[in-house]
>>> print(open('entry.txt').read())   # compact mmCIF, C-alpha atoms and all ligand atoms
# COMPACT_ATOMS: atom_id res chain seq x y z
CA MET A 266 163.03 -35.98 196.00
CA ASP A 267 161.64 -33.22 198.21
CA LYS A 268 164.12 -30.55 199.06
CA GLN A 269 163.82 -29.85 202.79
CA ALA A 270 164.56 -26.41 204.17
CA PRO A 271 167.62 -26.59 206.42
CA GLU A 272 166.64 -26.39 210.09
CA MET A 273 167.17 -23.10 211.80
CA SER A 274 169.10 -23.12 215.08
CA GLN A 275 167.60 -21.35 218.05
CA GLU A 276 170.31 -18.69 217.78
CA GLU A 277 169.45 -18.05 214.11
CA TYR A 278 165.78 -17.84 214.99
CA TYR A 279 166.44 -15.20 217.68
CA LEU A 280 168.65 -13.19 215.37
CA LYS A 281 166.04 -13.25 212.61
CA SER A 282 163.31 -12.03 214.89
CA PHE A 283 165.66 -9.37 216.32
CA MET A 284 166.31 -8.19 212.76
CA ARG A 285 162.58 -8.05 211.98
CA SER A 286 161.74 -6.10 215.12
CA LEU A 287 164.58 -3.63 214.59
CA LYS A 288 163.49 -2.89 211.04
CA LYS A 289 159.92 -2.33 212.15
CA ARG A 290 161.01 -0.14 215.04
CA LEU A 291 163.27 1.91 212.80
CA ALA A 292 160.52 2.63 210.28
CA HIS A 293 158.28 3.96 213.04
CA ARG A 294 160.89 5.82 215.06
CA ARG A 295 162.36 7.58 212.03
CA GLU A 296 159.06 9.36 211.48
CA TRP A 297 158.55 9.98 215.15
CA ALA A 298 162.00 11.61 215.43
CA VAL A 299 161.19 14.07 212.65
CA ALA A 300 158.09 15.21 214.50
CA GLU A 301 160.08 15.34 217.73
CA GLU A 302 162.71 17.54 216.04
CA THR A 303 165.67 15.37 216.95
CA THR A 304 168.24 13.60 214.79
CA GLY A 305 169.27 11.30 217.65
CA TYR A 306 167.14 8.79 219.50
CA ARG A 307 167.16 5.45 221.30
CA LEU A 308 166.11 2.64 219.02
CA PHE A 309 166.41 -0.36 221.32
CA ASP A 310 166.49 -0.43 225.10
CA ARG A 311 167.54 -3.77 226.62
CA GLU A 312 164.45 -5.71 225.58
CA ASN A 313 163.64 -9.44 225.37
CA ASN A 314 166.72 -10.42 227.39
CA ILE A 315 169.03 -8.81 224.83
CA PRO A 316 171.32 -6.65 227.00
CA LEU A 317 171.90 -3.95 224.40
CA THR A 318 170.94 -0.35 223.92
CA ILE A 319 171.10 1.11 220.42
CA ASP A 320 171.23 4.86 219.91
CA PHE A 321 170.89 6.05 216.34
CA TYR A 322 172.19 9.41 215.12
CA ASN A 323 171.60 11.31 211.90
CA ASP A 324 170.18 8.18 210.26
CA LYS A 325 173.72 6.84 209.78
CA TYR A 326 175.59 6.25 213.05
CA ALA A 327 174.76 3.73 215.75
CA VAL A 328 176.19 3.49 219.24
CA VAL A 329 175.58 0.07 220.78
CA VAL A 330 176.21 -0.52 224.47
CA ALA A 331 176.16 -3.98 226.07
CA TYR A 332 175.16 -4.07 229.76
CA LEU A 333 176.90 -7.09 231.22
CA GLU A 334 177.34 -8.83 234.54
CA GLU A 335 180.92 -8.88 235.77
CA ASP A 336 181.65 -12.40 234.47
CA ASP A 337 179.36 -12.55 231.41
CA ALA A 338 180.98 -13.97 228.31
CA TRP A 339 178.79 -12.16 225.81
CA VAL A 340 179.75 -12.36 222.16
CA ALA A 341 178.13 -9.45 220.43
CA ASP A 342 179.39 -10.03 216.90
CA ALA A 343 176.32 -11.77 215.47
CA TYR A 344 174.07 -9.10 216.99
CA LEU A 345 176.24 -6.29 215.68
CA LEU A 346 176.01 -7.71 212.18
CA VAL A 347 172.22 -7.86 212.43
CA ILE A 348 172.08 -4.27 213.71
CA GLN A 349 174.28 -3.10 210.87
CA LYS A 350 172.05 -4.80 208.30
CA ALA A 351 168.76 -3.67 209.84
CA LEU A 352 169.94 -0.06 209.99
CA GLY A 353 171.62 -0.20 206.58
CA ILE A 354 174.95 1.17 207.81
CA SER A 355 178.56 0.15 207.25
CA ALA A 356 180.71 -1.36 210.03
CA ASP A 357 182.71 1.84 210.51
CA ARG A 358 179.53 3.65 211.51
CA LEU A 359 178.69 1.30 214.33
CA PHE A 360 180.38 1.90 217.69
CA TYR A 361 180.30 -0.86 220.26
CA LYS A 362 180.91 -0.33 223.98
CA GLU A 363 180.53 -2.42 227.12
CA ARG A 364 179.46 -1.59 230.65
CA ARG A 365 180.12 -4.28 233.22
CA LYS A 366 178.34 -4.36 236.54
CA GLY A 367 180.77 -3.68 239.36
CA VAL A 368 183.31 -2.20 236.97
CA ARG A 369 183.37 1.59 237.06
CA GLY A 370 183.21 3.45 233.78
CA GLY A 371 183.16 1.14 230.78
CA VAL A 372 185.09 0.41 227.68
CA ALA A 373 184.82 1.33 224.07
CA ARG A 374 185.93 -1.55 221.88
CA GLU A 375 189.49 -1.16 220.64
CA VAL A 376 189.17 -0.16 217.03
CA ASP A 377 191.84 0.84 214.66
CA GLN A 378 190.28 4.10 213.63
CA ALA A 379 190.50 7.80 214.26
CA SER A 380 188.05 9.62 216.54
CA VAL A 381 184.66 10.06 214.99
CA GLU A 382 182.98 13.35 215.77
CA ILE A 383 179.58 14.30 214.42
CA GLU A 384 176.95 16.92 215.06
CA MET A 385 173.35 16.11 215.93
CA GLN A 386 170.35 18.41 216.17
CA GLU A 387 167.63 18.69 218.75
CA TYR A 388 164.93 21.35 218.68
CA GLY A 389 166.94 23.29 216.14
CA LEU A 390 170.16 23.30 218.20
CA PHE A 391 173.47 21.70 217.22
CA TYR A 392 175.32 19.39 219.61
CA GLN A 393 178.87 18.16 219.09
CA LEU A 394 179.26 14.41 219.75
CA ASN A 395 182.21 12.05 219.88
CA LEU A 396 180.94 8.57 219.09
CA SER A 397 184.16 6.61 219.26
CA ASP A 398 186.28 7.50 222.24
CA HIS A 399 184.15 7.46 225.38
CA LEU A 400 181.18 5.68 226.80
CA ASP A 401 179.16 8.91 226.97
CA VAL A 402 179.01 10.59 223.60
CA GLY A 403 178.28 14.19 224.63
CA ILE A 404 174.52 14.39 225.15
CA PHE A 405 172.11 12.64 227.50
CA MET A 406 169.13 12.14 225.22
CA ASP A 407 166.89 10.97 228.07
CA HIS A 408 166.60 14.62 229.14
CA ARG A 409 165.31 15.82 225.78
CA ASN A 410 161.79 16.47 227.12
CA LEU A 411 162.93 18.65 229.98
CA ARG A 412 165.31 20.61 227.73
CA GLY A 413 162.47 21.24 225.27
CA GLU A 414 160.11 22.31 228.03
CA LEU A 415 162.59 24.63 229.77
CA MET A 416 163.55 26.21 226.45
CA LYS A 417 159.94 27.31 226.00
CA TYR A 418 159.82 29.48 229.07
CA ALA A 419 163.46 30.51 229.52
CA ARG A 420 163.10 34.08 228.30
CA GLY A 421 164.70 36.54 230.70
CA LEU A 422 165.55 33.94 233.34
CA ARG A 423 168.77 33.52 235.27
CA VAL A 424 169.84 29.91 235.08
CA LEU A 425 172.33 27.84 237.06
CA ASN A 426 173.26 24.56 235.38
CA LEU A 427 174.97 22.36 237.99
CA PHE A 428 176.83 19.22 236.87
CA SER A 429 176.50 20.73 233.42
CA TYR A 430 178.53 18.12 231.48
CA THR A 431 178.54 19.46 227.88
CA GLY A 432 176.07 22.19 228.77
CA SER A 433 172.93 20.92 227.07
CA PHE A 434 170.41 22.19 229.65
CA GLY A 435 172.15 25.56 229.72
CA LEU A 436 172.31 25.67 225.94
CA SER A 437 168.61 25.04 225.46
CA MET A 438 167.71 27.71 228.00
CA ALA A 439 170.17 30.19 226.49
CA ALA A 440 168.56 29.54 223.11
CA GLY A 441 165.18 30.11 224.73
CA GLY A 442 166.29 33.60 225.78
CA ALA A 443 167.71 33.16 229.30
CA SER A 444 169.41 36.37 230.43
CA GLU A 445 172.21 34.55 232.24
CA VAL A 446 173.42 30.94 232.19
CA ILE A 447 176.12 29.65 234.52
CA ASN A 448 177.36 26.13 233.79
CA VAL A 449 179.42 24.43 236.51
CA ASP A 450 181.28 21.14 236.15
CA LEU A 451 184.43 19.48 237.41
CA SER A 452 185.71 18.59 233.97
CA ALA A 453 187.61 21.14 231.90
CA ARG A 454 187.14 18.93 228.82
CA TYR A 455 183.34 18.83 229.15
CA LEU A 456 183.25 22.59 229.73
CA GLU A 457 185.29 23.14 226.56
CA ILE A 458 182.69 21.14 224.62
CA ALA A 459 179.92 23.10 226.34
CA LYS A 460 181.52 26.36 225.25
CA ALA A 461 181.96 25.06 221.71
CA ASN A 462 178.28 24.08 221.64
CA PHE A 463 177.24 27.60 222.72
CA VAL A 464 179.49 29.20 220.10
CA ARG A 465 178.27 26.82 217.36
CA ASN A 466 174.71 27.91 218.11
CA GLY A 467 175.58 31.60 218.03
CA LEU A 468 175.16 32.06 221.76
CA LEU A 469 178.01 34.34 222.71
CA GLY A 470 178.59 36.80 225.51
CA ASP A 471 179.61 37.29 229.12
CA GLN A 472 176.15 36.30 230.31
CA PHE A 473 177.11 32.68 229.53
CA LYS A 474 179.67 31.33 231.96
CA PHE A 475 181.57 28.05 232.25
CA ILE A 476 183.02 27.40 235.67
CA LYS A 477 185.32 24.51 236.50
CA ALA A 478 184.74 23.63 240.13
CA ASP A 479 183.85 20.93 242.60
CA ILE A 480 180.18 21.74 243.16
CA MET A 481 180.32 20.51 246.74
CA GLN A 482 182.75 23.36 247.44
CA TRP A 483 181.42 25.87 244.93
CA LEU A 484 177.92 25.86 246.39
CA LYS A 485 179.28 26.88 249.80
CA ASP A 486 181.20 29.85 248.39
CA ALA A 487 178.50 30.89 245.90
CA VAL A 488 176.07 32.08 248.59
CA ALA A 489 178.10 35.26 249.09
CA GLN A 490 177.71 36.20 245.42
CA TYR A 491 174.46 34.58 244.27
CA ALA A 492 172.03 34.44 247.22
CA ASN A 493 168.42 34.92 246.02
CA HIS A 494 169.61 35.14 242.42
CA PHE A 495 168.58 32.29 240.10
CA ASP A 496 165.15 31.65 238.60
CA VAL A 497 165.97 28.10 237.58
CA ILE A 498 168.60 25.74 238.95
CA ILE A 499 169.23 22.42 237.21
CA CYS A 500 170.93 19.91 239.48
CA ASP A 501 171.68 16.65 237.67
CA PRO A 502 174.52 14.92 239.55
CA PRO A 503 175.89 11.44 238.92
CA ALA A 504 174.98 8.73 241.44
CA PHE A 505 178.55 8.66 242.66
CA SER A 506 181.74 10.58 242.00
CA ASN A 507 185.20 10.34 243.53
CA SER A 508 187.30 12.28 241.09
CA ARG A 509 190.74 13.27 242.36
CA ALA A 510 189.80 16.87 241.61
CA MET A 511 187.27 16.75 244.48
CA ALA A 512 187.98 17.32 248.15
CA GLY A 513 185.73 14.40 249.18
CA THR A 514 183.32 12.10 247.37
CA LEU A 515 179.81 12.60 246.06
CA ASN A 516 177.27 9.96 246.98
CA ILE A 517 173.87 11.06 245.89
CA GLN A 518 171.86 9.03 248.40
CA ARG A 519 173.93 10.63 251.17
CA ASP A 520 174.23 14.14 249.66
CA TYR A 521 170.97 14.91 247.83
CA LEU A 522 169.38 16.76 250.76
CA TRP A 523 172.45 18.95 251.20
CA LEU A 524 172.62 19.68 247.46
CA ILE A 525 168.99 20.75 247.35
CA GLU A 526 169.15 22.86 250.50
CA GLN A 527 172.40 24.51 249.47
CA SER A 528 171.15 25.20 245.92
CA ALA A 529 167.95 26.68 247.34
CA LYS A 530 169.99 29.44 249.01
CA LEU A 531 170.82 30.71 245.53
CA LEU A 532 167.22 30.55 244.32
CA ARG A 533 165.04 33.63 243.95
CA ALA A 534 162.91 33.23 246.99
CA LYS A 535 159.61 34.22 245.43
CA SER A 536 159.75 32.43 242.13
CA GLY A 537 162.72 30.11 241.74
CA VAL A 538 162.49 26.46 240.74
CA ILE A 539 165.00 23.64 241.11
CA TYR A 540 164.94 20.66 238.75
CA PHE A 541 166.71 17.84 240.50
CA SER A 542 167.44 14.67 238.54
CA SER A 543 169.19 11.42 239.34
CA PRO A 544 170.14 8.31 237.40
CA LEU A 545 169.74 6.36 240.65
CA GLN A 546 166.36 4.61 240.32
CA GLU A 547 166.38 3.41 243.90
CA LEU A 548 167.10 6.85 245.39
CA GLN A 549 165.13 7.15 248.64
CA PHE A 550 163.85 10.68 248.20
CA GLN A 551 162.45 11.66 251.59
CA HIS A 552 160.11 14.60 251.12
CA ARG A 553 159.57 14.94 254.84
CA LYS A 554 163.23 15.78 255.32
CA LEU A 555 162.70 18.87 253.17
CA PRO A 556 159.80 20.52 255.04
CA ASN A 557 160.41 23.96 253.52
CA PHE A 558 159.95 22.75 249.97
CA LYS A 559 157.08 21.92 247.69
CA ILE A 560 158.25 18.85 245.78
CA LYS A 561 156.73 17.06 242.83
CA GLU A 562 158.20 14.07 241.05
CA ILE A 563 157.86 14.74 237.31
CA THR A 564 159.62 11.66 235.90
CA ASP A 565 156.49 10.64 234.00
CA PHE A 566 156.78 13.87 232.03
CA THR A 567 160.54 14.07 231.68
CA LEU A 568 161.20 10.54 230.40
CA PRO A 569 160.89 10.66 226.63
CA TYR A 570 159.01 8.05 224.65
CA ASP A 571 162.21 6.32 223.51
CA PHE A 572 163.53 5.93 227.08
CA ARG A 573 160.45 4.54 228.77
CA LYS A 574 161.54 0.90 228.89
CA THR A 575 164.45 1.18 231.29
CA LYS A 576 163.57 4.49 232.96
CA VAL A 577 167.09 5.82 233.11
CA HIS A 578 166.42 8.79 235.35
CA ARG A 579 164.08 10.23 237.96
CA CYS A 580 163.34 13.93 238.19
CA TRP A 581 161.74 16.32 240.70
CA GLN A 582 160.49 19.88 240.47
CA ILE A 583 161.22 21.70 243.72
CA ARG A 584 159.95 25.11 244.89
CA LEU A 585 160.23 26.92 248.16
CA TYR A 586 157.08 26.09 250.06
CA TRP A 587 155.80 29.55 250.73
CA GLN A 588 156.17 30.86 247.19
CA GLU A 589 153.31 32.91 245.89
CA LYS A 590 150.96 31.16 243.50
CA GLU A 591 151.68 33.58 240.67
CA ARG A 592 155.25 33.15 239.61
CA ALA A 593 157.55 35.56 237.88
CA HIS A 594 157.86 33.39 234.78
CA GLY A 595 154.26 32.69 234.01
CA ARG A 596 151.23 31.18 235.62
CA PRO A 597 151.81 27.92 237.42
CA ARG A 598 150.84 24.90 235.37
CA LYS A 599 148.37 22.41 236.75
CA ASN A 600 150.30 19.72 234.95
CA PHE A 601 153.88 19.87 233.87
CA THR A 602 153.43 19.11 230.20
CA PRO A 603 156.25 17.50 228.30
CA HIS A 604 157.37 18.74 224.95
CA ARG A 605 155.18 17.52 222.11
CA ARG A 606 155.50 13.78 221.55
C1 LIG B 1 175.28 12.87 234.61
S1 LIG B 1 176.45 14.04 234.06
C2 LIG B 1 175.41 15.44 233.98
C3 LIG B 1 174.60 15.49 232.72
C4 LIG B 1 174.14 16.87 232.33
N1 LIG B 1 173.29 17.44 233.34
C5 LIG B 1 173.42 16.81 231.00
O1 LIG B 1 172.18 16.82 230.99
O2 LIG B 1 174.08 16.74 229.98
C6 LIG B 1 177.40 14.30 235.51
C7 LIG B 1 178.44 15.42 235.42
O3 LIG B 1 178.83 15.72 236.76
C8 LIG B 1 180.18 16.13 236.75
N2 LIG B 1 180.64 16.02 238.14
C9 LIG B 1 180.79 14.92 238.89
N3 LIG B 1 181.15 15.26 240.15
C10 LIG B 1 181.22 16.61 240.19
C11 LIG B 1 181.53 17.57 241.21
N4 LIG B 1 181.84 17.21 242.44
N5 LIG B 1 181.50 18.87 240.89
C12 LIG B 1 181.21 19.27 239.63
N6 LIG B 1 180.88 18.42 238.64
C13 LIG B 1 180.90 17.11 238.92
C14 LIG B 1 180.84 15.22 235.74
O4 LIG B 1 182.02 15.80 235.25
C15 LIG B 1 179.73 15.10 234.69
O5 LIG B 1 179.91 16.06 233.68
>>> encode(input="entry.txt", output="structure tokens")
Amino acid sequence: MDKQAPEMSQEEYYLKSFMRSLKKRLAHRREWAVAEETTGYRLFDRENNIPLTIDFYNDKYAVVVAYLEEDDAWVADAYLLVIQKALGISADRLFYKERRKGVRGGVAREVDQASVEIEMQEYGLFYQLNLSDHLDVGIFMDHRNLRGELMKYARGLRVLNLFSYTGSFGLSMAAGGASEVINVDLSARYLEIAKANFVRNGLLGDQFKFIKADIMQWLKDAVAQYANHFDVIICDPPAFSNSRAMAGTLNIQRDYLWLIEQSAKLLRAKSGVIYFSSPLQELQFQHRKLPNFKIKEITDFTLPYDFRKTKVHRCWQIRLYWQEKERAHGRPRKNFTPHRR
């Protein structure tokens, strides 16, 4: 009697093809990451109606985030098992988290294990990450291109890193030879990690500062001390913030013009550049409301290859309109070229 192969359910079929595509992707992206000089990258980005992102670190740790509607009853277990097998990692090296629409923040799955901290590398720099305890692990990898690019021409520049989080923009520019880097953030914990990252990379000294402040207040006071001072200002705020440590709230659609205009007061008038970035895709950026600025959206250059599917940020390069063509830190580029890909 003929032995018939047991029929595959639709679920099994999807899981099998998910496994195949992950394995194929991994083989390609592993090589790509070596050339890109990073040990962390996005492997999967909410594709084919599978609401997961997979970030892979040091070839052994995966952070999987499910993006769910408020009332979705998503059971991730079968997918997590496939991911584990495709990546060849044990269960204790896979960290699962959920973000639900309409629910602020997110949750890391309750696991009976101690905090897992690791170190990843990007362009030769070390970054401390915590994979287990929070939704954000300590680095925003979607800004890898801009960090790499800024690092290349940082020598001698004075840098202000607003909404610094764990300091990665400031760190890459300090490593590139910036003469001063001021990191400002509301969170003492993030600033501690930023400091630790600087120290770990041998970047020590009073020229690197870590200021805990509400930027909406700090920018008003800073004009007295830092008018016409910075060559580069990074301004990468969240879409919304209402921390109790703030006097008011931050709503980027409402406040982006103020942030740019206020930051510009601290910019070296002849040569300074602001890099403004937002996670808010639908941000209505009205150039005409900033008549004194020369503004160029550079998202096409700043989004790295592994973040192109969901386009997690937008980014603008902003100069004062009347700046001279020759700038203090090199000739102006016709095209803003991303770091090698
Ligand atoms: C999207 S993260 C910035 C990411 C960072 N630029 C990077 O590339 O790693 C937003 C940061 O803004 C900080 N933040 C939010 N509201 C703030 C405020 N009013 N003043 C200062 N920092 C604030 C948060 O603590 C968080 O670290």
>>> atom_distance(input="entry.txt", atom1="atom CA of Gly305 of chain A", atom2="atom CA of Ile383 of chain A")
11.2 Å
>>> closest_residue(input="entry.txt", among="A:Leu317, A:Ala343, A:Ile348, A:Ala510", to="ligand LIG 1 (chain B)", atoms="all atoms listed in the file")
A:Ala510
>>> closest_residue(input="entry.txt", among="A:Ser397, A:Thr304, A:Ser542, A:Gln582", to="Lys559 of chain A", atoms="only C-alpha atoms")
A:Gln582
>>> residues_around(input="entry.txt", residues="Ile560 of chain A", least_positions_apart="4", cutoff="12 Å", atoms="all atoms listed in the file", output="PyMOL selection string")
chain A and resi 525+538-541+550-556+580-586
>>> atom_distance(input="entry.txt", atom1="atom CA of Ala298 of chain A", atom2="atom CA of Glu387 of chain A")
9.6 Å
>>> closest_residue(input="entry.txt", among="A:Val488, A:Glu312, A:Gln386, A:Ser528", to="Val299 of chain A", atoms="all atoms listed in the file")
A:Gln386
>>> closest_residue(input="entry.txt", among="A:Ser380, A:Ser506, A:Ser286, A:Gln549", to="ligand LIG 1 (chain B)", atoms="only C-alpha atoms and all ligand atoms")
A:Ser506
>>> build_atoms(input="entry.txt", residues="segment 457-478 of chain A", atoms="N, CA and C atoms", output="CSV table (one decimal), keeping the file's coordinate frame")
chain,number,residue,atom,x,y,z
A,457,GLU,N,184.8,22.7,227.9
A,457,GLU,CA,185.3,23.1,226.6
A,457,GLU,C,184.2,22.8,225.5
A,458,ILE,N,183.7,21.6,225.6
A,458,ILE,CA,182.7,21.1,224.6
A,458,ILE,C,181.4,22.0,224.8
A,459,ALA,N,181.1,22.3,226.1
A,459,ALA,CA,179.9,23.1,226.3
A,459,ALA,C,180.1,24.5,225.7
A,460,LYS,N,181.2,25.0,225.8
A,460,LYS,CA,181.5,26.4,225.2
A,460,LYS,C,181.4,26.3,223.7
A,461,ALA,N,182.0,25.2,223.2
A,461,ALA,CA,182.0,25.1,221.7
A,461,ALA,C,180.5,24.9,221.2
A,462,ASN,N,179.7,24.2,222.0
A,462,ASN,CA,178.3,24.1,221.6
A,462,ASN,C,177.6,25.4,221.7
A,463,PHE,N,177.9,26.3,222.7
A,463,PHE,CA,177.2,27.6,222.7
A,463,PHE,C,177.7,28.4,221.5
A,464,VAL,N,179.0,28.4,221.2
A,464,VAL,CA,179.5,29.2,220.1
A,464,VAL,C,178.9,28.7,218.8
A,465,ARG,N,178.8,27.4,218.6
A,465,ARG,CA,178.3,26.8,217.4
A,465,ARG,C,176.8,27.3,217.1
A,466,ASN,N,176.1,27.5,218.2
A,466,ASN,CA,174.7,27.9,218.1
A,466,ASN,C,174.5,29.4,218.2
A,467,GLY,N,175.6,30.1,218.1
A,467,GLY,CA,175.6,31.6,218.0
A,467,GLY,C,175.2,32.2,219.4
A,468,LEU,N,175.5,31.5,220.4
A,468,LEU,CA,175.2,32.1,221.8
A,468,LEU,C,176.5,32.5,222.4
A,469,LEU,N,176.7,33.8,222.3
A,469,LEU,CA,178.0,34.3,222.7
A,469,LEU,C,177.7,35.5,223.7
A,470,GLY,N,178.7,35.6,224.6
A,470,GLY,CA,178.6,36.8,225.5
A,470,GLY,C,178.9,36.4,226.9
A,471,ASP,N,179.2,37.5,227.7
A,471,ASP,CA,179.6,37.3,229.1
A,471,ASP,C,178.5,36.8,230.0
A,472,GLN,N,177.3,36.8,229.5
A,472,GLN,CA,176.2,36.3,230.3
A,472,GLN,C,176.1,34.8,230.4
A,473,PHE,N,177.0,34.1,229.5
A,473,PHE,CA,177.1,32.7,229.5
A,473,PHE,C,178.5,32.3,230.1
A,474,LYS,N,178.4,31.6,231.3
A,474,LYS,CA,179.7,31.3,232.0
A,474,LYS,C,179.9,29.8,232.1
A,475,PHE,N,181.2,29.5,232.2
A,475,PHE,CA,181.6,28.0,232.2
A,475,PHE,C,182.6,27.9,233.4
A,476,ILE,N,182.2,27.4,234.5
A,476,ILE,CA,183.0,27.4,235.7
A,476,ILE,C,183.5,26.0,236.0
A,477,LYS,N,184.8,25.8,236.1
A,477,LYS,CA,185.3,24.5,236.5
A,477,LYS,C,185.5,24.5,238.0
A,478,ALA,N,184.7,23.7,238.7
A,478,ALA,CA,184.7,23.6,240.1
A,478,ALA,C,184.1,22.3,240.7
